[in-house]
Structures are given as C-alpha cells and as structure tokens.
>>> print(open('work23.pdb').read())   # PDB, C-alpha atoms
MODEL        1
ATOM      1  CA  MET A   1      21.641  -5.830 -13.844
ATOM      2  CA  VAL A   2      23.553  -6.567 -10.650
ATOM      3  CA  GLU A   3      22.985 -10.107  -9.375
ATOM      4  CA  ARG A   4      20.431  -9.996  -6.608
ATOM      5  CA  GLN A   5      20.774 -11.947  -3.384
ATOM      6  CA  SER A   6      17.735 -12.871  -1.366
ATOM      7  CA  PRO A   7      17.620 -11.438   2.168
ATOM      8  CA  LEU A   8      16.166 -14.800   3.207
ATOM      9  CA  GLU A   9      19.290 -16.672   2.092
ATOM     10  CA  PRO A  10      22.206 -14.567   3.325
ATOM     11  CA  ALA A  11      25.126 -16.944   2.787
ATOM     12  CA  PRO A  12      27.253 -17.928   4.658
ATOM     13  CA  LEU A  13      24.796 -17.432   7.530
ATOM     14  CA  GLU A  14      22.283 -20.119   8.201
ATOM     15  CA  PRO A  15      19.419 -19.459   5.808
ATOM     16  CA  GLU A  16      16.071 -18.325   7.168
ATOM     17  CA  LEU A  17      14.377 -20.035   4.283
ATOM     18  CA  ARG A  18      14.413 -23.726   5.248
ATOM     19  CA  THR A  19      12.668 -25.792   2.628
ATOM     20  CA  GLY A  20      10.510 -28.694   3.778
ATOM     21  CA  SER A  21       7.568 -29.261   6.098
ATOM     22  CA  HIS A  22       7.321 -27.504   9.456
ATOM     23  CA  GLY A  23       4.982 -26.965  12.375
ATOM     24  CA  ASP A  24       1.941 -29.171  12.846
ATOM     25  CA  PHE A  25       2.210 -30.822   9.418
ATOM     26  CA  GLU A  26       1.257 -34.291  10.726
ATOM     27  CA  HIS A  27      -2.396 -33.238  10.327
ATOM     28  CA  GLY A  28      -1.835 -31.950   6.816
ATOM     29  CA  ILE A  29      -0.128 -28.976   5.208
ATOM     30  CA  ASP A  30      -2.544 -26.074   4.976
ATOM     31  CA  VAL A  31      -0.129 -23.324   3.946
ATOM     32  CA  ILE A  32       2.753 -23.179   1.467
ATOM     33  CA  LEU A  33       5.296 -20.373   1.823
ATOM     34  CA  SER A  34       7.799 -19.373  -0.841
ATOM     35  CA  GLU A  35       9.862 -16.445  -2.042
ATOM     36  CA  ILE A  36       8.859 -15.719  -5.633
ATOM     37  CA  LYS A  37      11.792 -13.471  -6.667
ATOM     38  CA  PRO A  38      10.230 -11.509  -9.557
ATOM     39  CA  GLY A  39      12.817  -9.867 -11.824
ATOM     40  CA  SER A  40      10.996  -6.528 -11.968
ATOM     41  CA  ILE A  41       8.988  -4.722  -9.298
ATOM     42  CA  LEU A  42       7.969  -1.231 -10.438
ATOM     43  CA  GLN A  43       5.940   1.541  -8.890
ATOM     44  CA  LEU A  44       4.087   3.809 -11.317
ATOM     45  CA  ALA A  45       2.415   7.056 -10.342
ATOM     46  CA  ALA A  46       0.244   9.322 -12.487
ATOM     47  CA  TRP A  47       0.092  13.084 -12.132
ATOM     48  CA  PRO A  48      -3.414  14.270 -11.189
ATOM     49  CA  GLY A  49      -5.693  13.886 -14.225
ATOM     50  CA  GLN A  50      -3.290  11.542 -16.069
ATOM     51  CA  GLU A  51      -4.530   8.285 -14.483
ATOM     52  CA  LYS A  52      -6.256   7.009 -17.647
ATOM     53  CA  GLU A  53      -3.157   7.607 -19.770
ATOM     54  CA  LEU A  54      -1.029   5.724 -17.232
ATOM     55  CA  ILE A  55      -3.468   2.787 -17.139
ATOM     56  CA  ALA A  56      -3.399   2.707 -20.953
ATOM     57  CA  GLY A  57       0.412   2.711 -20.852
ATOM     58  CA  ILE A  58       0.443  -0.220 -18.414
ATOM     59  CA  ARG A  59      -1.820  -2.113 -20.799
ATOM     60  CA  THR A  60       0.429  -1.327 -23.764
ATOM     61  CA  VAL A  61       3.562  -2.594 -22.020
ATOM     62  CA  THR A  62       2.246  -5.535 -19.979
ATOM     63  CA  GLY A  63      -0.896  -6.536 -21.867
ATOM     64  CA  LEU A  64      -2.802  -6.409 -18.582
ATOM     65  CA  ALA A  65      -6.061  -4.451 -18.374
ATOM     66  CA  LEU A  66      -6.756  -2.785 -15.034
ATOM     67  CA  PRO A  67     -10.358  -3.137 -13.861
ATOM     68  CA  ASP A  68     -12.065  -0.029 -12.468
ATOM     69  CA  GLY A  69     -12.031   0.658  -8.773
ATOM     70  CA  ALA A  70      -9.735   1.303  -5.829
ATOM     71  CA  GLY A  71      -7.161  -1.443  -5.346
ATOM     72  CA  ALA A  72      -8.230  -3.271  -8.493
ATOM     73  CA  GLY A  73      -5.703  -5.314 -10.412
ATOM     74  CA  SER A  74      -5.041  -8.344 -12.545
ATOM     75  CA  THR A  75      -2.448 -11.047 -13.092
ATOM     76  CA  ASP A  76      -1.639 -13.546 -15.833
ATOM     77  CA  GLY A  77       0.804 -15.575 -13.737
ATOM     78  CA  VAL A  78       3.850 -13.930 -15.294
ATOM     79  CA  ARG A  79       3.021 -10.257 -14.982
ATOM     80  CA  SER A  80       0.866  -8.619 -12.316
ATOM     81  CA  VAL A  81      -0.495  -5.151 -11.721
ATOM     82  CA  PHE A  82      -2.613  -3.610  -8.971
ATOM     83  CA  GLY A  83      -3.475  -0.161  -7.637
ATOM     84  CA  PHE A  84      -2.218   0.534  -4.131
ATOM     85  CA  ALA A  85      -3.062   4.241  -3.786
ATOM     86  CA  PRO A  86      -4.973   6.873  -5.802
ATOM     87  CA  GLY A  87      -3.251   7.067  -9.213
ATOM     88  CA  LYS A  88      -0.439   4.703  -8.143
ATOM     89  CA  PHE A  89       0.211   1.160  -9.289
ATOM     90  CA  THR A  90       2.614  -1.687  -8.618
ATOM     91  CA  VAL A  91       3.674  -3.596 -11.750
ATOM     92  CA  VAL A  92       5.552  -6.886 -11.423
ATOM     93  CA  ASP A  93       7.178  -9.100 -14.041
ATOM     94  CA  GLU A  94       9.019 -12.417 -13.675
ATOM     95  CA  ALA A  95      11.637 -11.113 -16.117
ATOM     96  CA  GLU A  96      14.130  -8.362 -15.423
ATOM     97  CA  GLY A  97      14.204  -5.107 -17.354
ATOM     98  CA  LEU A  98      10.502  -4.213 -17.432
ATOM     99  CA  VAL A  99      11.410  -0.609 -16.581
ATOM    100  CA  SER A 100      12.968  -0.069 -20.020
ATOM    101  CA  GLY A 101       9.652  -1.048 -21.655
ATOM    102  CA  PHE A 102       7.964   1.940 -20.001
ATOM    103  CA  ALA A 103      10.635   4.429 -21.131
ATOM    104  CA  GLY A 104       8.801   5.835 -24.158
ATOM    105  CA  VAL A 105       5.281   4.970 -22.984
ATOM    106  CA  VAL A 106       4.950   6.635 -19.585
ATOM    107  CA  THR A 107       6.345  10.039 -20.485
ATOM    108  CA  PRO A 108       7.268  12.681 -17.879
ATOM    109  CA  ALA A 109       3.979  14.429 -18.729
ATOM    110  CA  ILE A 110       1.970  11.357 -17.654
ATOM    111  CA  GLY A 111       3.767  10.298 -14.491
ATOM    112  CA  THR A 112       6.738   8.535 -12.977
ATOM    113  CA  VAL A 113       8.209   5.034 -13.057
ATOM    114  CA  THR A 114      10.304   3.890 -10.095
ATOM    115  CA  ASP A 115      12.237   0.612 -10.189
ATOM    116  CA  LEU A 116      11.926  -1.092  -6.770
ATOM    117  CA  SER A 117      13.171  -4.517  -7.920
ATOM    118  CA  HIS A 118      16.056  -4.447  -5.419
ATOM    119  CA  GLY A 119      14.058  -2.783  -2.662
ATOM    120  CA  ARG A 120      11.210  -5.227  -2.171
ATOM    121  CA  THR A 121      11.012  -8.902  -1.323
ATOM    122  CA  ALA A 122       8.051 -10.868  -2.640
ATOM    123  CA  ILE A 123       6.660 -13.650  -0.456
ATOM    124  CA  ARG A 124       3.903 -15.985  -1.609
ATOM    125  CA  ILE A 125       1.493 -17.670   0.777
ATOM    126  CA  ALA A 126      -0.840 -20.268  -0.696
ATOM    127  CA  GLY A 127      -3.136 -22.995   0.540
ATOM    128  CA  PRO A 128      -6.537 -23.485   2.150
ATOM    129  CA  LYS A 129      -5.492 -21.653   5.352
ATOM    130  CA  ALA A 130      -3.661 -18.742   3.659
ATOM    131  CA  GLU A 131      -6.601 -16.387   4.302
ATOM    132  CA  TRP A 132      -6.768 -17.536   7.907
ATOM    133  CA  VAL A 133      -3.053 -17.007   8.587
ATOM    134  CA  LEU A 134      -3.065 -13.553   6.947
ATOM    135  CA  ALA A 135      -6.138 -12.559   8.946
ATOM    136  CA  LYS A 136      -3.973 -12.947  12.068
ATOM    137  CA  PHE A 137      -1.529 -10.397  10.622
ATOM    138  CA  PHE A 138      -3.636  -7.761   8.933
ATOM    139  CA  ALA A 139      -6.930  -6.172  10.019
ATOM    140  CA  ILE A 140      -8.496  -6.272   6.557
ATOM    141  CA  ASP A 141     -11.157  -8.473   4.987
ATOM    142  CA  PHE A 142      -9.521 -11.365   3.097
ATOM    143  CA  ALA A 143     -12.799 -13.034   2.049
ATOM    144  CA  LEU A 144     -12.968 -13.562  -1.717
ATOM    145  CA  PRO A 145     -15.985 -11.257  -2.347
ATOM    146  CA  ALA A 146     -14.270  -8.368  -0.493
ATOM    147  CA  PHE A 147     -10.781  -9.105  -1.852
ATOM    148  CA  PRO A 148     -11.162 -10.535  -5.375
ATOM    149  CA  VAL A 149      -8.423 -12.265  -7.389
ATOM    150  CA  GLY A 150      -6.030  -9.685  -8.865
ATOM    151  CA  ALA A 151      -6.878  -6.970  -6.343
ATOM    152  CA  GLY A 152      -4.232  -5.334  -4.169
ATOM    153  CA  ARG A 153      -4.192  -3.837  -0.682
ATOM    154  CA  SER A 154      -1.764  -1.538   1.143
ATOM    155  CA  THR A 155      -1.575  -2.158   4.850
ATOM    156  CA  MET A 156       0.933  -2.897   7.553
ATOM    157  CA  HIS A 157       1.851  -5.438  10.216
ATOM    158  CA  HIS A 158       3.591  -4.044  13.311
ATOM    159  CA  ASP A 159       4.701  -0.999  11.279
ATOM    160  CA  VAL A 160       6.076  -3.198   8.480
ATOM    161  CA  PHE A 161       4.435  -1.775   5.369
ATOM    162  CA  ALA A 162       3.084  -4.483   3.077
ATOM    163  CA  GLN A 163       1.411  -4.559  -0.310
ATOM    164  CA  ILE A 164      -0.706  -7.656  -0.792
ATOM    165  CA  GLN A 165      -2.073  -8.937  -4.095
ATOM    166  CA  ARG A 166      -4.443 -11.866  -4.343
ATOM    167  CA  THR A 167      -3.099 -13.951  -7.244
ATOM    168  CA  GLY A 168      -5.428 -16.921  -6.768
ATOM    169  CA  ALA A 169      -8.496 -18.000  -4.820
ATOM    170  CA  ASP A 170      -6.217 -19.206  -1.988
ATOM    171  CA  GLN A 171      -2.955 -17.505  -2.932
ATOM    172  CA  PHE A 172      -1.502 -14.108  -1.971
ATOM    173  CA  ASP A 173       1.732 -12.332  -2.940
ATOM    174  CA  ILE A 174       3.086  -9.998  -0.255
ATOM    175  CA  TYR A 175       5.621  -7.276  -1.069
ATOM    176  CA  VAL A 176       7.607  -6.029   1.937
ATOM    177  CA  PHE A 177      10.656  -3.803   2.263
ATOM    178  CA  ARG A 178      13.777  -5.896   1.710
ATOM    179  CA  SER A 179      15.256  -4.857   5.070
ATOM    180  CA  PHE A 180      12.173  -6.164   6.899
ATOM    181  CA  ALA A 181      11.866  -9.355   4.845
ATOM    182  CA  ARG A 182      13.720 -11.689   7.229
ATOM    183  CA  SER A 183      11.777 -10.701  10.336
ATOM    184  CA  PHE A 184       8.503 -10.709   8.401
ATOM    185  CA  TRP A 185       9.308 -14.142   6.983
ATOM    186  CA  LYS A 186      10.078 -15.518  10.447
ATOM    187  CA  ALA A 187       6.824 -14.079  11.824
ATOM    188  CA  LEU A 188       4.916 -15.604   8.912
ATOM    189  CA  CYS A 189       6.506 -19.013   9.624
ATOM    190  CA  HIS A 190       5.588 -18.796  13.326
ATOM    191  CA  ALA A 191       2.013 -17.824  12.422
ATOM    192  CA  SER A 192       1.779 -20.810  10.055
ATOM    193  CA  GLU A 193       3.087 -23.388  12.554
ATOM    194  CA  GLU A 194      -0.299 -24.282  14.002
ATOM    195  CA  VAL A 195      -1.800 -25.144  10.597
ATOM    196  CA  GLY A 196       1.288 -26.973   9.283
ATOM    197  CA  TYR A 197       3.298 -25.324   6.506
ATOM    198  CA  GLU A 198       5.709 -26.208   3.771
ATOM    199  CA  VAL A 199       8.489 -23.959   2.530
ATOM    200  CA  GLN A 200       9.259 -24.313  -1.169
TER     201      GLN A 200
ATOM    202  CA  MET B   1     -11.492   3.653  16.258
ATOM    203  CA  LEU B   2     -11.930   3.056  12.541
ATOM    204  CA  ILE B   3     -11.385   5.582   9.762
ATOM    205  CA  THR B   4     -12.944   4.727   6.415
ATOM    206  CA  CYS B   5     -10.296   5.708   3.887
ATOM    207  CA  PRO B   6     -11.941   6.759   0.568
ATOM    208  CA  TYR B   7      -9.446   4.517  -1.255
ATOM    209  CA  CYS B   8      -8.746   1.598   1.104
ATOM    210  CA  GLY B   9     -12.013   1.267   3.041
ATOM    211  CA  PRO B  10     -12.376   0.931   6.820
ATOM    212  CA  ARG B  11      -8.997   0.626   8.575
ATOM    213  CA  ASP B  12      -7.806   0.690  12.151
ATOM    214  CA  VAL B  13      -6.591   4.051  13.449
ATOM    215  CA  ILE B  14      -3.105   2.536  13.964
ATOM    216  CA  GLU B  15      -2.567   2.842  10.186
ATOM    217  CA  PHE B  16      -3.166   6.606  10.275
ATOM    218  CA  THR B  17      -1.031   9.558  11.375
ATOM    219  CA  TYR B  18      -2.627  12.698  12.790
ATOM    220  CA  GLN B  19      -1.538  15.724  10.791
ATOM    221  CA  GLY B  20      -3.158  18.380  12.923
ATOM    222  CA  ASP B  21      -6.139  20.663  13.148
ATOM    223  CA  GLY B  22      -7.945  21.001   9.801
ATOM    224  CA  ASN B  23      -9.259  24.471  10.595
ATOM    225  CA  ARG B  24      -5.891  26.198  10.369
ATOM    226  CA  GLU B  25      -5.251  28.497   7.420
ATOM    227  CA  ARG B  26      -1.583  28.943   6.683
ATOM    228  CA  PRO B  27      -0.706  32.535   5.783
ATOM    229  CA  GLN B  28       1.195  33.151   2.555
ATOM    230  CA  PRO B  29       4.883  32.322   3.199
ATOM    231  CA  ALA B  30       5.872  35.959   2.608
ATOM    232  CA  SER B  31       3.190  37.280   4.932
ATOM    233  CA  GLN B  32       4.386  39.544   7.746
ATOM    234  CA  ASN B  33       0.994  39.573   9.450
ATOM    235  CA  LEU B  34       2.069  38.464  12.933
ATOM    236  CA  ASP B  35      -1.512  38.027  14.137
ATOM    237  CA  ALA B  36      -2.216  35.632  11.261
ATOM    238  CA  TRP B  37       0.947  33.632  11.951
ATOM    239  CA  ASN B  38       0.219  33.575  15.681
ATOM    240  CA  ALA B  39      -3.281  32.274  14.994
ATOM    241  CA  TYR B  40      -1.920  29.634  12.600
ATOM    242  CA  VAL B  41       0.682  28.360  15.056
ATOM    243  CA  TYR B  42      -1.137  28.634  18.403
ATOM    244  CA  ASN B  43      -4.880  29.180  18.179
ATOM    245  CA  ARG B  44      -7.002  26.039  18.370
ATOM    246  CA  LEU B  45     -10.758  25.664  18.779
ATOM    247  CA  ASN B  46     -10.564  22.610  21.081
ATOM    248  CA  PRO B  47     -14.271  21.810  20.634
ATOM    249  CA  ALA B  48     -16.217  19.211  22.606
ATOM    250  CA  GLY B  49     -17.888  17.735  19.536
ATOM    251  CA  ASP B  50     -17.231  17.609  15.795
ATOM    252  CA  HIS B  51     -13.705  18.645  14.860
ATOM    253  CA  ASN B  52     -12.118  19.127  11.409
ATOM    254  CA  GLU B  53      -8.831  17.235  11.234
ATOM    255  CA  ILE B  54      -6.156  16.243   8.722
ATOM    256  CA  TRP B  55      -4.980  12.629   8.844
ATOM    257  CA  GLN B  56      -2.587  10.719   6.629
ATOM    258  CA  HIS B  57      -3.154   7.053   5.800
ATOM    259  CA  SER B  58       0.562   6.500   6.368
ATOM    260  CA  GLY B  59       0.229   2.722   6.759
ATOM    261  CA  GLY B  60      -1.837   2.319   3.604
ATOM    262  CA  CYS B  61      -2.318   4.430   0.478
ATOM    263  CA  ARG B  62      -0.483   7.385   2.107
ATOM    264  CA  ALA B  63      -3.191   9.849   1.000
ATOM    265  CA  HIS B  64      -3.897  12.902   3.142
ATOM    266  CA  LEU B  65      -7.469  12.975   4.368
ATOM    267  CA  ARG B  66      -9.853  15.620   5.659
ATOM    268  CA  VAL B  67     -11.677  13.966   8.567
ATOM    269  CA  VAL B  68     -14.510  15.162  10.827
ATOM    270  CA  ARG B  69     -14.133  13.409  14.190
ATOM    271  CA  ASN B  70     -16.282  13.868  17.272
ATOM    272  CA  THR B  71     -13.893  14.550  20.160
ATOM    273  CA  LEU B  72     -16.395  13.171  22.706
ATOM    274  CA  THR B  73     -17.334   9.903  20.997
ATOM    275  CA  HIS B  74     -14.522   9.404  18.423
ATOM    276  CA  GLU B  75     -17.269   8.946  15.832
ATOM    277  CA  VAL B  76     -15.911   9.778  12.378
ATOM    278  CA  SER B  77     -18.734  11.402  10.401
ATOM    279  CA  SER B  78     -16.895  12.393   7.215
ATOM    280  CA  VAL B  79     -13.696  11.409   5.385
ATOM    281  CA  ALA B  80     -12.518  12.881   2.081
ATOM    282  CA  PHE B  81      -9.255  13.275   0.193
ATOM    283  CA  ALA B  82      -7.503  16.494   1.214
ATOM    284  CA  ARG B  83      -6.112  16.853  -2.325
ATOM    285  CA  GLY B  84      -8.392  18.993  -4.414
ATOM    286  CA  ASP B  85     -10.552  20.213  -1.543
ATOM    287  CA  HIS B  86     -11.923  23.701  -2.079
ATOM    288  CA  LYS B  87      -9.716  25.324   0.555
ATOM    289  CA  SER B  88      -6.359  24.226  -0.834
ATOM    290  CA  ALA B  89      -7.638  24.418  -4.429
ATOM    291  CA  ALA B  90      -8.649  28.052  -3.939
ATOM    292  CA  ARG B  91      -5.304  28.866  -2.352
ATOM    293  CA  HIS B  92      -3.370  27.200  -5.158
ATOM    294  CA  LYS B  93      -5.432  29.140  -7.694
ATOM    295  CA  ALA B  94      -4.687  32.400  -5.868
ATOM    296  CA  GLU B  95      -0.982  31.551  -5.928
ATOM    297  CA  GLY B  96      -1.101  30.686  -9.635
ATOM    298  CA  LYS B  97      -0.266  27.002  -9.077
ATOM    299  CA  PRO B  98      -1.955  24.197 -11.028
TER     300      PRO B  98
ENDMDL
END
>>> encode(input="work23.pdb", output="structure tokens")
Amino acid sequence: MVERQSPLEPAPLEPELRTGSHGDFEHGIDVILSEIKPGSILQLAAWPGQEKELIAGIRTVTGLALPDGAGAGSTDGVRSVFGFAPGKFTVVDEAEGLVSGFAGVVTPAIGTVTDLSHGRTAIRIAGPKAEWVLAKFFAIDFALPAFPVGAGRSTMHHDVFAQIQRTGADQFDIYVFRSFARSFWKALCHASEEVGYEVQ
Amino acid sequence: MLITCPYCGPRDVIEFTYQGDGNRERPQPASQNLDAWNAYVYNRLNPAGDHNEIWQHSGGCRAHLRVVRNTLTHEVSSVAFARGDHKSAARHKAEGKP
C-alpha cells in the first residue's frame, strides 16, 4: 500500500503535532493526546435484513463479537469495531490490509466493505479529564454508564463529522476526515490547555 | 430543540437537516397528472400544531427520520426511521421493488 503521511506532520512545514507537555501542566497533566495511525480503517454496511450475517462476518475476520444495541462495539487493543448507524459498522486494525480479509466473507449479497484507511485520521484522547474536554466539544453524554467501553457514537463538532469510540474507562478514539484533522487537532489542543496536556 | 434519533438518542437539532413536509406523496415518475404534481410541489398544510416532517440525522447516523413536530411549541412527539414505513413500503411494493 502507498506510504501514508499524517496530516498532522506535513513536512517540511512546521508540524502541528508537537510532542511534550503544554498548557497548564504545572498542576498536573490531565489529558494525553496522540495520533494512533491504525493501518486499516474500514466501513462495513449491511443490506436491509443482512445485519446478522455482516456481524457474523466481522466476528469471523476480527475475532470481535459485537454486543447488541445501537452504537455497541468492542475492542481488544489491536482491533476495534463499533456500530455508527443502523446496519453500518466501523472496523479498525493496527495492521494494514484488513480489507482483503473480508473479501470472501462479506459477499455482495450481504453488504459492502469500504476502505477508508487513507481518508480518516484517528486521534486518541486519554486521561482523567478526557471526558470533560470532549464534553466541551460534543453535546452527547460521555459518562461511563451512558457511553460504555467499546461503544461508538456519530456526532459532529462545528460541522466536522466525528466518530468516537470509547476504548477505555478514560480513553476515546476519534475518527475525523483527514482534511479536517489539522484544524480539529488544533482545536482539541486549545480545549486541553486549561487542564494541562501532553502530546505523545 | 432536541430530536431523539431512534439510533443515536437525543441530539441537538443542529445535527439534523430538514428534508421537507412528510405529508407529500410523490406521483409515479411517469405520471402526467398535473394536479397531482402541482399538489406535490406546491401544496402544503401549514398547520398550527402537529406536523409530519422528514428529517435526516446528517451529523450522526445519517438515517432519514419521520418526525411529528408541533409548529407552535417545537415539541417532538414522535420519531421513527423513514425506511420501511408503511407509506414508502406500500409504494415500493406497488412498483415491484424490494
């Protein structure tokens, strides 16, 4: 596959992603920001009535079982899956080439597989104030009972569409369009200044 | 104003796009009934009260929704997926589509 370049590190321009501690970190670092660069980001959609077959196919290929319910999902730290719309799922793998694994499993009769690996940028926000910072961005409930680990949400911030998956009690992975990633990243850094943040 | 998406839950109206009056019935594309087309394009009920509307959750799951909104109070009394509703299902059946 073609070598990917992060939109946050557009050499030779000054990189937007400046590692180290920023903002009000003298009182502690409450948020850690990073770009996680998964090798595969896929979008799978089932034709009406084929949802169960698609979920079974995702399990066959990734080994991840999807819990019941809207926006449900799961992660094992390497691969992640979550529903973001009726009959539609985002599947992520650290390794490249996941799309070829679905070739014979999700047949044209079941649904579609779209490779978005080059079209999305994945940003991870972690730390005790991650919920608090995200609550400034998105008008959804980030509390653990309402947004359990593994679950995903589709929403937007100032018309920037974002898919958010909770991958830990205080950790979220945010998938944004690649072309919006730099401005979204900068906004996320500004929002994290008052709690002190570290870029890794 | 909040709309409770059947998939995503309660969301701010800014995430939704208004797709028009939900009472319209589109004539068959080949129809030459000018009165039916005129009614489809121009005639609106404009009620002061509950109104059937189509909205899309464009900033979320992107599903099309059939919404009943009160035009006086903005109270949303019913939200359902537009896909598979009896109106479009019946029309698809009549046209021989799945």
>>> interface_residues(input="work23.pdb", of="chain A", to="chain B", cutoff="8 Å", atoms="only C-alpha atoms", output="MDAnalysis selection string")
chainID A and resid 70:71 84:86 139:140 153:156 159 161
>>> residues_around(input="work23.pdb", residues="B:Ala80", least_positions_apart="6", cutoff="8 Å", atoms="all atoms listed in the file", output="PyMOL selection string")
chain B and resi 5-6+65-67
>>> closest_residue(input="work23.pdb", among="B:Ala30, B:Val13, B:Ile3, B:Ala36", to="B:Val68", atoms="all atoms listed in the file")
B:Ile3
>>> residues_near_point(input="work23.pdb", point="(-6.7, -1.4, -10.4)", cutoff="8 Å", atoms="all atoms listed in the file", output="PyMOL selection string")
chain A and resi 66-74+81-84+89+151-152
>>> resolve_selection(input="work23.pdb", expression="the PyMOL selection byres ((chain A and resi 59) around 12)", output="ChimeraX atom specification")
/A:52-58,60-67,73-75,79-82,91,101-102,105-106
>>> resolve_selection(input="work23.pdb", expression="the PyMOL selection byres ((chain B and resi 49) around 12)", output="VMD selection string")
chain B and resid 45 to 48 50 to 52 68 to 77
>>> atom_distance(input="work23.pdb", atom1="atom CA of A:Pro148", atom2="atom CA of A:Phe172")
10.8 Å
>>> resolve_selection(input="work23.pdb", expression="the PyMOL selection byres ((chain B and resi 44) around 12)", output="list in words")
Gly20, Asp21, Gly22, Asn23, Arg24, Glu25, Asn38, Ala39, Tyr40, Val41, Tyr42, Asn43, Leu45, Asn46, Pro47, His51, Asn52 and Glu53 of chain B
>>> write_last_selection(input="work23.pdb", atoms="C-alpha atoms", output="tab-separated table (two decimals), in the frame of the given file")
chain	number	residue	atom	x	y	z
B	20	GLY	CA	-3.16	18.38	12.92
B	21	ASP	CA	-6.14	20.66	13.15
B	22	GLY	CA	-7.94	21.00	9.80
B	23	ASN	CA	-9.26	24.47	10.60
B	24	ARG	CA	-5.89	26.20	10.37
B	25	GLU	CA	-5.25	28.50	7.42
B	38	ASN	CA	0.22	33.58	15.68
B	39	ALA	CA	-3.28	32.27	14.99
B	40	TYR	CA	-1.92	29.63	12.60
B	41	VAL	CA	0.68	28.36	15.06
B	42	TYR	CA	-1.14	28.63	18.40
B	43	ASN	CA	-4.88	29.18	18.18
B	45	LEU	CA	-10.76	25.66	18.78
B	46	ASN	CA	-10.56	22.61	21.08
B	47	PRO	CA	-14.27	21.81	20.63
B	51	HIS	CA	-13.70	18.64	14.86
B	52	ASN	CA	-12.12	19.13	11.41
B	53	GLU	CA	-8.83	17.24	11.23
>>> closest_residue(input="work23.pdb", among="B:His64, B:Gln32, B:Gln56, B:Met1", to="B:Phe16", atoms="only C-alpha atoms")
B:Gln56
>>> axis_aligned_box(input="work23.pdb", around="stretch 36-55 of chain B", padding_each_side="4 Å", output="AutoDock Vina command-line options")
--center_x -8.5 --center_y 24.1 --center_z 15.7 --size_x 26.8 --size_y 31.0 --size_z 21.9
>>> atom_distance(input="work23.pdb", atom1="atom CA of A:His22", atom2="atom CA of A:Cys189")
8.5 Å
>>> closest_residue(input="work23.pdb", among="A:Ile164, A:Ile41, A:Leu144, A:Val199", to="A:Lys186", atoms="all atoms listed in the file")
A:Val199
>>> atom_distance(input="work23.pdb", atom1="atom CA of A:Thr121", atom2="atom CA of A:Gly97")
16.8 Å
>>> residues_around(input="work23.pdb", residues="A:Asp30", least_positions_apart="4", cutoff="10 Å", atoms="only C-alpha atoms", output="list in words")
Asp24, Phe25, Ala126, Gly127, Pro128, Lys129, Ala130, Trp132, Val133, Ser192, Glu193, Glu194, Val195, Gly196, Tyr197 and Glu198 of chain A
>>> residues_around(input="work23.pdb", residues="A:Ile110", least_positions_apart="5", cutoff="9 Å", atoms="all atoms listed in the file", output="tab-separated table (two decimals) with C-alpha atoms, in the coordinates of the input")
chain	number	residue	atom	x	y	z
A	45	ALA	CA	2.42	7.06	-10.34
A	46	ALA	CA	0.24	9.32	-12.49
A	47	TRP	CA	0.09	13.08	-12.13
A	48	PRO	CA	-3.41	14.27	-11.19
A	49	GLY	CA	-5.69	13.89	-14.22
A	50	GLN	CA	-3.29	11.54	-16.07
A	51	GLU	CA	-4.53	8.28	-14.48
A	53	GLU	CA	-3.16	7.61	-19.77
A	54	LEU	CA	-1.03	5.72	-17.23
A	105	VAL	CA	5.28	4.97	-22.98
>>> residues_around(input="work23.pdb", residues="A:Thr114", least_positions_apart="6", cutoff="7 Å", atoms="only C-alpha atoms", output="compact mmCIF listing (two decimals) with C-alpha atoms, keeping the file's coordinate frame")
# COMPACT_ATOMS: atom_id res chain seq x y z
CA LEU A 42 7.97 -1.23 -10.44
CA GLN A 43 5.94 1.54 -8.89
CA LEU A 44 4.09 3.81 -11.32
